[in-house]
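K.L.:
Structure file upload_26.cif (mmCIF, C-alpha atoms and all ligand atoms; chains and numbers go by the auth columns) is given on the next line.
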data_upload
loop_
_atom_site.group_PDB
_atom_site.id
_atom_site.type_symbol
_atom_site.label_atom_id
_atom_site.label_comp_id
_atom_site.label_asym_id
_atom_site.label_seq_id
_atom_site.Cartn_x
_atom_site.Cartn_y
_atom_site.Cartn_z
_atom_site.B_iso_or_equiv
_atom_site.auth_seq_id
_atom_site.auth_asym_id
ATOM 1 C CA MET A 1 -29.900 -24.122 -49.890 0.00 1 A
ATOM 2 C CA VAL A 2 -32.490 -24.332 -47.125 0.00 2 A
ATOM 3 C CA LYS A 3 -34.056 -27.797 -47.187 0.00 3 A
ATOM 4 C CA VAL A 4 -37.583 -28.611 -46.009 0.00 4 A
ATOM 5 C CA LEU A 5 -39.168 -32.057 -45.623 0.00 5 A
ATOM 6 C CA PHE A 6 -42.896 -32.520 -44.957 0.00 6 A
ATOM 7 C CA VAL A 7 -43.870 -35.823 -43.343 0.00 7 A
ATOM 8 C CA CYS A 8 -47.198 -37.595 -42.798 0.00 8 A
ATOM 9 C CA LEU A 9 -48.151 -41.264 -42.483 0.00 9 A
ATOM 10 C CA GLY A 10 -48.638 -42.423 -46.067 0.00 10 A
ATOM 11 C CA ASN A 11 -47.090 -39.561 -48.112 0.00 11 A
ATOM 12 C CA ILE A 12 -50.126 -39.578 -50.419 0.00 12 A
ATOM 13 C CA CYS A 13 -52.442 -36.990 -48.771 0.00 13 A
ATOM 14 C CA ARG A 14 -51.200 -34.372 -46.311 0.00 14 A
ATOM 15 C CA SER A 15 -47.464 -34.127 -46.961 0.00 15 A
ATOM 16 C CA PRO A 16 -47.728 -34.001 -50.789 0.00 16 A
ATOM 17 C CA MET A 17 -50.397 -31.296 -50.400 0.00 17 A
ATOM 18 C CA ALA A 18 -48.060 -29.390 -48.064 0.00 18 A
ATOM 19 C CA GLU A 19 -45.197 -29.892 -50.534 0.00 19 A
ATOM 20 C CA GLY A 20 -47.307 -28.570 -53.430 0.00 20 A
ATOM 21 C CA VAL A 21 -48.664 -25.580 -51.521 0.00 21 A
ATOM 22 C CA PHE A 22 -45.239 -24.650 -50.149 0.00 22 A
ATOM 23 C CA ARG A 23 -43.585 -25.050 -53.585 0.00 23 A
ATOM 24 C CA HIS A 24 -46.209 -22.691 -54.972 0.00 24 A
ATOM 25 C CA ALA A 25 -45.547 -20.093 -52.236 0.00 25 A
ATOM 26 C CA VAL A 26 -41.771 -20.388 -52.693 0.00 26 A
ATOM 27 C CA ARG A 27 -42.090 -19.989 -56.468 0.00 27 A
ATOM 28 C CA GLN A 28 -44.306 -16.928 -56.030 0.00 28 A
ATOM 29 C CA ALA A 29 -41.669 -15.456 -53.723 0.00 29 A
ATOM 30 C CA GLY A 30 -38.957 -16.136 -56.327 0.00 30 A
ATOM 31 C CA LEU A 31 -37.036 -18.318 -53.867 0.00 31 A
ATOM 32 C CA GLU A 32 -37.083 -21.681 -55.700 0.00 32 A
ATOM 33 C CA SER A 33 -33.316 -21.520 -56.234 0.00 33 A
ATOM 34 C CA VAL A 34 -32.620 -21.296 -52.489 0.00 34 A
ATOM 35 C CA ILE A 35 -35.283 -23.528 -50.899 0.00 35 A
ATOM 36 C CA GLU A 36 -35.368 -27.282 -51.604 0.00 36 A
ATOM 37 C CA ILE A 37 -38.616 -29.124 -50.795 0.00 37 A
ATOM 38 C CA ASP A 38 -39.577 -32.786 -50.463 0.00 38 A
ATOM 39 C CA SER A 39 -42.117 -34.965 -48.645 0.00 39 A
ATOM 40 C CA ALA A 40 -42.137 -38.483 -47.172 0.00 40 A
ATOM 41 C CA GLY A 41 -44.238 -40.890 -45.090 0.00 41 A
ATOM 42 C CA THR A 42 -43.381 -42.561 -41.807 0.00 42 A
ATOM 43 C CA HIS A 43 -44.765 -45.814 -43.257 0.00 43 A
ATOM 44 C CA ALA A 44 -44.043 -47.611 -46.510 0.00 44 A
ATOM 45 C CA TYR A 45 -47.648 -48.444 -47.499 0.00 45 A
ATOM 46 C CA HIS A 46 -47.684 -46.164 -50.551 0.00 46 A
ATOM 47 C CA VAL A 47 -44.067 -46.018 -51.700 0.00 47 A
ATOM 48 C CA GLY A 48 -43.858 -45.189 -55.410 0.00 48 A
ATOM 49 C CA GLU A 49 -47.517 -44.143 -55.627 0.00 49 A
ATOM 50 C CA PRO A 50 -48.830 -40.758 -56.784 0.00 50 A
ATOM 51 C CA PRO A 51 -50.841 -38.647 -54.324 0.00 51 A
ATOM 52 C CA ASP A 52 -54.400 -39.770 -53.525 0.00 52 A
ATOM 53 C CA ALA A 53 -56.853 -38.648 -56.253 0.00 53 A
ATOM 54 C CA ARG A 54 -58.714 -36.463 -53.721 0.00 54 A
ATOM 55 C CA ALA A 55 -55.485 -34.735 -52.670 0.00 55 A
ATOM 56 C CA GLN A 56 -54.631 -34.126 -56.342 0.00 56 A
ATOM 57 C CA ALA A 57 -58.122 -32.749 -57.081 0.00 57 A
ATOM 58 C CA THR A 58 -58.079 -30.422 -54.066 0.00 58 A
ATOM 59 C CA ALA A 59 -54.637 -29.052 -54.953 0.00 59 A
ATOM 60 C CA LYS A 60 -55.704 -28.637 -58.584 0.00 60 A
ATOM 61 C CA HIS A 61 -58.699 -26.615 -57.420 0.00 61 A
ATOM 62 C CA TYR A 62 -56.165 -24.101 -56.068 0.00 62 A
ATOM 63 C CA GLY A 63 -54.101 -24.215 -59.265 0.00 63 A
ATOM 64 C CA ILE A 64 -51.449 -26.534 -57.827 0.00 64 A
ATOM 65 C CA ASP A 65 -50.358 -29.674 -59.698 0.00 65 A
ATOM 66 C CA ILE A 66 -49.056 -32.452 -57.432 0.00 66 A
ATOM 67 C CA SER A 67 -49.644 -35.321 -59.893 0.00 67 A
ATOM 68 C CA GLY A 68 -45.921 -35.864 -60.468 0.00 68 A
ATOM 69 C CA LEU A 69 -45.062 -36.555 -56.818 0.00 69 A
ATOM 70 C CA ARG A 70 -44.364 -40.138 -55.680 0.00 70 A
ATOM 71 C CA GLY A 71 -44.514 -41.644 -52.211 0.00 71 A
ATOM 72 C CA ARG A 72 -41.370 -42.507 -50.296 0.00 72 A
ATOM 73 C CA GLN A 73 -40.572 -43.439 -46.717 0.00 73 A
ATOM 74 C CA ALA A 74 -38.744 -41.071 -44.362 0.00 74 A
ATOM 75 C CA THR A 75 -35.288 -42.235 -43.209 0.00 75 A
ATOM 76 C CA ALA A 76 -32.803 -41.319 -40.493 0.00 76 A
ATOM 77 C CA GLY A 77 -30.649 -39.852 -43.272 0.00 77 A
ATOM 78 C CA ASP A 78 -33.327 -37.252 -43.932 0.00 78 A
ATOM 79 C CA PHE A 79 -32.360 -35.587 -40.665 0.00 79 A
ATOM 80 C CA HIS A 80 -28.843 -35.044 -41.975 0.00 80 A
ATOM 81 C CA LYS A 81 -30.031 -33.704 -45.315 0.00 81 A
ATOM 82 C CA PHE A 82 -32.936 -31.429 -44.299 0.00 82 A
ATOM 83 C CA ASP A 83 -32.965 -28.299 -42.123 0.00 83 A
ATOM 84 C CA TYR A 84 -36.687 -28.565 -41.322 0.00 84 A
ATOM 85 C CA VAL A 85 -38.413 -31.937 -40.796 0.00 85 A
ATOM 86 C CA LEU A 86 -42.079 -31.080 -40.340 0.00 86 A
ATOM 87 C CA ALA A 87 -44.560 -33.627 -39.005 0.00 87 A
ATOM 88 C CA MET A 88 -48.263 -33.286 -39.804 0.00 88 A
ATOM 89 C CA ASP A 89 -49.448 -34.790 -36.506 0.00 89 A
ATOM 90 C CA ARG A 90 -48.109 -36.019 -33.170 0.00 90 A
ATOM 91 C CA GLU A 91 -48.078 -39.657 -34.231 0.00 91 A
ATOM 92 C CA ASN A 92 -45.852 -38.760 -37.198 0.00 92 A
ATOM 93 C CA TYR A 93 -43.747 -36.616 -34.836 0.00 93 A
ATOM 94 C CA ASP A 94 -43.271 -39.487 -32.374 0.00 94 A
ATOM 95 C CA ASN A 95 -42.368 -41.934 -35.154 0.00 95 A
ATOM 96 C CA LEU A 96 -39.841 -39.483 -36.583 0.00 96 A
ATOM 97 C CA ARG A 97 -38.364 -38.835 -33.159 0.00 97 A
ATOM 98 C CA ARG A 98 -37.646 -42.546 -32.841 0.00 98 A
ATOM 99 C CA ILE A 99 -35.523 -42.591 -36.018 0.00 99 A
ATOM 100 C CA CYS A 100 -33.920 -39.164 -35.513 0.00 100 A
ATOM 101 C CA PRO A 101 -30.116 -39.401 -35.023 0.00 101 A
ATOM 102 C CA ALA A 102 -28.648 -37.948 -31.819 0.00 102 A
ATOM 103 C CA GLY A 103 -28.161 -34.192 -31.840 0.00 103 A
ATOM 104 C CA LEU A 104 -30.588 -33.475 -34.697 0.00 104 A
ATOM 105 C CA HIS A 105 -33.873 -33.298 -32.782 0.00 105 A
ATOM 106 C CA ASP A 106 -34.071 -29.521 -33.139 0.00 106 A
ATOM 107 C CA LYS A 107 -34.882 -29.994 -36.829 0.00 107 A
ATOM 108 C CA LEU A 108 -38.090 -31.868 -36.007 0.00 108 A
ATOM 109 C CA LYS A 109 -41.245 -29.781 -35.515 0.00 109 A
ATOM 110 C CA LEU A 110 -44.989 -29.977 -35.949 0.00 110 A
ATOM 111 C CA PHE A 111 -45.853 -28.180 -39.204 0.00 111 A
ATOM 112 C CA LEU A 112 -48.647 -26.241 -37.482 0.00 112 A
ATOM 113 C CA ASP A 113 -46.062 -24.689 -35.148 0.00 113 A
ATOM 114 C CA PHE A 114 -45.785 -22.250 -38.068 0.00 114 A
ATOM 115 C CA ALA A 115 -49.508 -21.406 -37.868 0.00 115 A
ATOM 116 C CA PRO A 116 -49.595 -20.293 -34.204 0.00 116 A
ATOM 117 C CA HIS A 117 -52.892 -18.430 -34.575 0.00 117 A
ATOM 118 C CA ARG A 118 -54.827 -21.542 -35.574 0.00 118 A
ATOM 119 C CA PRO A 119 -56.496 -23.492 -32.752 0.00 119 A
ATOM 120 C CA GLU A 120 -55.303 -26.861 -34.149 0.00 120 A
ATOM 121 C CA ARG A 121 -51.792 -28.205 -33.549 0.00 121 A
ATOM 122 C CA GLU A 122 -52.129 -31.180 -35.910 0.00 122 A
ATOM 123 C CA VAL A 123 -53.186 -31.559 -39.556 0.00 123 A
ATOM 124 C CA PRO A 124 -55.887 -34.258 -39.336 0.00 124 A
ATOM 125 C CA ASP A 125 -55.598 -37.392 -41.486 0.00 125 A
ATOM 126 C CA PRO A 126 -58.196 -36.975 -44.289 0.00 126 A
ATOM 127 C CA TYR A 127 -57.720 -40.455 -45.803 0.00 127 A
ATOM 128 C CA PHE A 128 -60.819 -42.130 -44.387 0.00 128 A
ATOM 129 C CA GLY A 129 -63.108 -39.094 -44.654 0.00 129 A
ATOM 130 C CA GLY A 130 -64.787 -37.083 -47.420 0.00 130 A
ATOM 131 C CA ASP A 131 -63.664 -34.270 -49.690 0.00 131 A
ATOM 132 C CA SER A 132 -64.236 -31.589 -47.042 0.00 132 A
ATOM 133 C CA GLY A 133 -61.358 -33.026 -45.024 0.00 133 A
ATOM 134 C CA PHE A 134 -59.008 -32.435 -47.933 0.00 134 A
ATOM 135 C CA HIS A 135 -60.108 -28.812 -48.281 0.00 135 A
ATOM 136 C CA ARG A 136 -59.584 -28.350 -44.572 0.00 136 A
ATOM 137 C CA VAL A 137 -56.064 -29.760 -44.921 0.00 137 A
ATOM 138 C CA LEU A 138 -55.372 -27.327 -47.743 0.00 138 A
ATOM 139 C CA ASP A 139 -56.502 -24.339 -45.658 0.00 139 A
ATOM 140 C CA MET A 140 -54.294 -25.400 -42.771 0.00 140 A
ATOM 141 C CA VAL A 141 -51.196 -26.094 -44.838 0.00 141 A
ATOM 142 C CA GLU A 142 -51.611 -22.822 -46.728 0.00 142 A
ATOM 143 C CA GLU A 143 -51.497 -20.852 -43.478 0.00 143 A
ATOM 144 C CA ALA A 144 -48.580 -22.852 -42.075 0.00 144 A
ATOM 145 C CA ALA A 145 -46.695 -22.545 -45.392 0.00 145 A
ATOM 146 C CA ALA A 146 -46.850 -18.746 -45.121 0.00 146 A
ATOM 147 C CA GLY A 147 -45.545 -18.906 -41.547 0.00 147 A
ATOM 148 C CA LEU A 148 -42.780 -21.315 -42.553 0.00 148 A
ATOM 149 C CA LEU A 149 -41.654 -19.058 -45.390 0.00 149 A
ATOM 150 C CA ALA A 150 -41.515 -16.119 -42.979 0.00 150 A
ATOM 151 C CA ASP A 151 -39.438 -18.229 -40.549 0.00 151 A
ATOM 152 C CA ILE A 152 -37.000 -19.248 -43.298 0.00 152 A
ATOM 153 C CA ARG A 153 -36.631 -15.647 -44.415 0.00 153 A
ATOM 154 C CA ALA A 154 -35.924 -14.492 -40.862 0.00 154 A
ATOM 155 C CA ARG A 155 -33.501 -17.292 -39.919 0.00 155 A
ATOM 156 C CA HIS A 156 -31.765 -18.148 -43.166 0.00 156 A
ATOM 157 C CA LEU A 157 -32.254 -15.304 -45.639 0.00 157 A
ATOM 158 C CA PRO A 158 -31.887 -12.143 -43.526 0.00 158 A
ATOM 159 C CA ALA A 159 -30.480 -10.148 -46.462 0.00 159 A
ATOM 160 C CA ARG A 160 -33.665 -10.691 -48.486 0.00 160 A
ATOM 161 C CA SER A 161 -36.476 -8.476 -47.306 0.00 161 A
ATOM 162 C CA ALA A 162 -40.049 -9.822 -47.366 0.00 162 A
ATOM 163 C CA GLY A 163 -41.658 -9.574 -50.782 0.00 163 A
ATOM 164 C CA GLN A 164 -38.352 -9.119 -52.584 0.00 164 A
ATOM 165 C CA ARG A 165 -37.962 -11.458 -55.546 0.00 165 A
ATOM 166 C CA GLY A 166 -34.790 -13.393 -56.363 0.00 166 A
HETATM 167 P P1 LIG B . -51.484 -39.272 -45.285 0.00 201 B
HETATM 168 O O1 LIG B . -52.880 -40.087 -45.281 0.00 201 B
HETATM 169 O O2 LIG B . -50.718 -39.764 -44.100 0.00 201 B
HETATM 170 O O3 LIG B . -51.929 -37.866 -45.128 0.00 201 B
HETATM 171 O O4 LIG B . -50.807 -39.565 -46.604 0.00 201 B
HETATM 172 C C1 LIG B . -52.961 -41.485 -45.220 0.00 201 B
HETATM 173 C C2 LIG B . -52.722 -42.254 -46.347 0.00 201 B
HETATM 174 C C3 LIG B . -52.845 -43.618 -46.280 0.00 201 B
HETATM 175 C C4 LIG B . -53.214 -44.232 -45.091 0.00 201 B
HETATM 176 C C5 LIG B . -53.446 -43.459 -43.963 0.00 201 B
HETATM 177 C C6 LIG B . -53.319 -42.091 -44.028 0.00 201 B
HETATM 178 N N1 LIG B . -53.356 -45.635 -45.035 0.00 201 B
HETATM 179 O O5 LIG B . -53.758 -46.138 -43.965 0.00 201 B
HETATM 180 O O6 LIG B . -53.093 -46.324 -46.029 0.00 201 B
#
Please go through the file and, once you have read it, give me the structure as structure tokens.
P.N.:
Amino acid sequence: MVKVLFVCLGNICRSPMAEGVFRHAVRQAGLESVIEIDSAGTHAYHVGEPPDARAQATAKHYGIDISGLRGRQATAGDFHKFDYVLAMDRENYDNLRRICPAGLHDKLKLFLDFAPHRPEREVPDPYFGGDSGFHRVLDMVEEAAAGLLADIRARHLPARSAGQRG
């Protein structure tokens, strides 16, 4: 299994949207049996809560149901479990770096590292803004999800050619 963890601040907006979009892409590629996906927050404000209603509505607009996800806080143990620990912004990245066990820092990246053609390097926090911010997040995570899937195929699944199912 290749294991991917998406991390934002509260785990109710950006990282559950990234989780839902990436799950959708992985399912479409027929790779759900080889890629495990989760999300978490660097803070504990929203532990146990479902995604923000605006995040759910935006995902639903794209045919993606994230209503069943629940918030949890990222832990040092996540760095042992996951192959990719992907921060939505630099603040999340710095907070994760502080709890990352020695020798595992290579697993930590900014999610938008997988969308190198976009001008932004961070997925902006949409929590205090309007609906347009959530749609912008979805666009960004969709592009980065495609880049991430290509990276996983190249590094971890070399025997499976792009577009091949199963
Ligand atoms: P997220 O958004 O990090 O994308 O889940 C936020 C959710 C909650 C808060 C901030 C950002 N908050 O301050 O409660």
K.L.:
Around ligand LIG 201 (chain B), which protein and nucleic acid residues have at least one atom no more than 6 Å from it, if we count all atoms listed in the file? List them as a PyMOL selection string.
P.N.:
chain A and resi 8-14+125+127
K.L.:
Mind checking which residues fall within 7 Å of Phe82 (chain A), counting only C-alpha atoms, ignoring those fewer than 6 positions away in the same chain, and posting them as a count of residues only?
P.N.:
3
K.L.:
Written as a ChimeraX atom specification, what is the full residue list that the PyMOL selection byres (((chain A and resi 116) around 12) and not hetatm) yields on the file shown?
P.N.:
/A:110-115,117-122,140,143-148
K.L.:
CA of Pro51 (chain A) and CA of Ser15 (chain A) are how many Å apart?
P.N.:
9.3 Å
K.L.:
With distances taken over only C-alpha atoms, which residue among A:Ala55, A:Arg98, A:Pro16, A:Lys109 lies nearest Leu69 (chain A)?
P.N.:
A:Pro16
K.L.:
What residues come out when you apply the PyMOL selection byres (((chain A and resi 33-45) around 10) and not hetatm) to this file, written as a PDB file with C-alpha atoms, in the frame of the given file?
P.N.:
ATOM      1  CA  MET A   1     -29.900 -24.122 -49.890  1.00  0.00           C
ATOM      2  CA  VAL A   2     -32.490 -24.332 -47.125  1.00  0.00           C
ATOM      3  CA  LYS A   3     -34.056 -27.797 -47.187  1.00  0.00           C
ATOM      4  CA  VAL A   4     -37.583 -28.611 -46.009  1.00  0.00           C
ATOM      5  CA  LEU A   5     -39.168 -32.057 -45.623  1.00  0.00           C
ATOM      6  CA  PHE A   6     -42.896 -32.520 -44.957  1.00  0.00           C
ATOM      7  CA  VAL A   7     -43.870 -35.823 -43.343  1.00  0.00           C
ATOM      8  CA  CYS A   8     -47.198 -37.595 -42.798  1.00  0.00           C
ATOM      9  CA  LEU A   9     -48.151 -41.264 -42.483  1.00  0.00           C
ATOM     10  CA  GLY A  10     -48.638 -42.423 -46.067  1.00  0.00           C
ATOM     11  CA  ASN A  11     -47.090 -39.561 -48.112  1.00  0.00           C
ATOM     12  CA  ILE A  12     -50.126 -39.578 -50.419  1.00  0.00           C
ATOM     13  CA  CYS A  13     -52.442 -36.990 -48.771  1.00  0.00           C
ATOM     14  CA  ARG A  14     -51.200 -34.372 -46.311  1.00  0.00           C
ATOM     15  CA  SER A  15     -47.464 -34.127 -46.961  1.00  0.00           C
ATOM     16  CA  PRO A  16     -47.728 -34.001 -50.789  1.00  0.00           C
ATOM     17  CA  MET A  17     -50.397 -31.296 -50.400  1.00  0.00           C
ATOM     18  CA  ALA A  18     -48.060 -29.390 -48.064  1.00  0.00           C
ATOM     19  CA  GLU A  19     -45.197 -29.892 -50.534  1.00  0.00           C
ATOM     20  CA  GLY A  20     -47.307 -28.570 -53.430  1.00  0.00           C
ATOM     21  CA  PHE A  22     -45.239 -24.650 -50.149  1.00  0.00           C
ATOM     22  CA  ARG A  23     -43.585 -25.050 -53.585  1.00  0.00           C
ATOM     23  CA  VAL A  26     -41.771 -20.388 -52.693  1.00  0.00           C
ATOM     24  CA  ARG A  27     -42.090 -19.989 -56.468  1.00  0.00           C
ATOM     25  CA  GLY A  30     -38.957 -16.136 -56.327  1.00  0.00           C
ATOM     26  CA  LEU A  31     -37.036 -18.318 -53.867  1.00  0.00           C
ATOM     27  CA  GLU A  32     -37.083 -21.681 -55.700  1.00  0.00           C
ATOM     28  CA  HIS A  46     -47.684 -46.164 -50.551  1.00  0.00           C
ATOM     29  CA  VAL A  47     -44.067 -46.018 -51.700  1.00  0.00           C
ATOM     30  CA  GLY A  48     -43.858 -45.189 -55.410  1.00  0.00           C
ATOM     31  CA  GLU A  49     -47.517 -44.143 -55.627  1.00  0.00           C
ATOM     32  CA  LEU A  69     -45.062 -36.555 -56.818  1.00  0.00           C
ATOM     33  CA  ARG A  70     -44.364 -40.138 -55.680  1.00  0.00           C
ATOM     34  CA  GLY A  71     -44.514 -41.644 -52.211  1.00  0.00           C
ATOM     35  CA  ARG A  72     -41.370 -42.507 -50.296  1.00  0.00           C
ATOM     36  CA  GLN A  73     -40.572 -43.439 -46.717  1.00  0.00           C
ATOM     37  CA  ALA A  74     -38.744 -41.071 -44.362  1.00  0.00           C
ATOM     38  CA  THR A  75     -35.288 -42.235 -43.209  1.00  0.00           C
ATOM     39  CA  ASP A  78     -33.327 -37.252 -43.932  1.00  0.00           C
ATOM     40  CA  PHE A  82     -32.936 -31.429 -44.299  1.00  0.00           C
ATOM     41  CA  ASP A  83     -32.965 -28.299 -42.123  1.00  0.00           C
ATOM     42  CA  TYR A  84     -36.687 -28.565 -41.322  1.00  0.00           C
ATOM     43  CA  VAL A  85     -38.413 -31.937 -40.796  1.00  0.00           C
ATOM     44  CA  LEU A  86     -42.079 -31.080 -40.340  1.00  0.00           C
ATOM     45  CA  ALA A  87     -44.560 -33.627 -39.005  1.00  0.00           C
ATOM     46  CA  GLU A  91     -48.078 -39.657 -34.231  1.00  0.00           C
ATOM     47  CA  ASN A  92     -45.852 -38.760 -37.198  1.00  0.00           C
ATOM     48  CA  TYR A  93     -43.747 -36.616 -34.836  1.00  0.00           C
ATOM     49  CA  ASP A  94     -43.271 -39.487 -32.374  1.00  0.00           C
ATOM     50  CA  ASN A  95     -42.368 -41.934 -35.154  1.00  0.00           C
ATOM     51  CA  LEU A  96     -39.841 -39.483 -36.583  1.00  0.00           C
ATOM     52  CA  ILE A  99     -35.523 -42.591 -36.018  1.00  0.00           C
ATOM     53  CA  LEU A 149     -41.654 -19.058 -45.390  1.00  0.00           C
ATOM     54  CA  ILE A 152     -37.000 -19.248 -43.298  1.00  0.00           C
ATOM     55  CA  HIS A 156     -31.765 -18.148 -43.166  1.00  0.00           C
ATOM     56  CA  LEU A 157     -32.254 -15.304 -45.639  1.00  0.00           C
ATOM     57  CA  GLY A 166     -34.790 -13.393 -56.363  1.00  0.00           C
TER      58      GLY A 166
END
K.L.:
Find the residue from A:Ala25, A:Ala102, A:Val123, A:Arg153 that sits nearest to Ala76 (chain A); use all atoms listed in the file when measuring.
P.N.:
A:Ala102
K.L.:
So what do you get for CA of Glu142 (chain A) versus CA of Ser67 (chain A), distance-wise?
P.N.:
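A separation of 18.3 Å between them.
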K.L.:
What is the distance between CA of Phe134 (chain A) and CA of Asp151 (chain A), in Å to one decimal?
P.N.:
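A separation of 25.3 Å between them.
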K.L.:
Would you give the centre and edge lengths, in Å to one decimal, of a box along x, y and z around the listed atoms of region 35-49 of chain A, with 6 Å added to each side, as lines of an AutoDock Vina configuration file?
P.N.:
center_x = -41.5
center_y = -36.0
center_z = -48.7
size_x = 24.4
size_y = 36.9
size_z = 25.8
K.L.:
Which residues come within 9 Å of Pro101 (chain A), counting only C-alpha atoms, excluding same-chain residues fewer than 6 positions away, as a ChimeraX atom specification?
P.N.:
/A:76-77,79-80
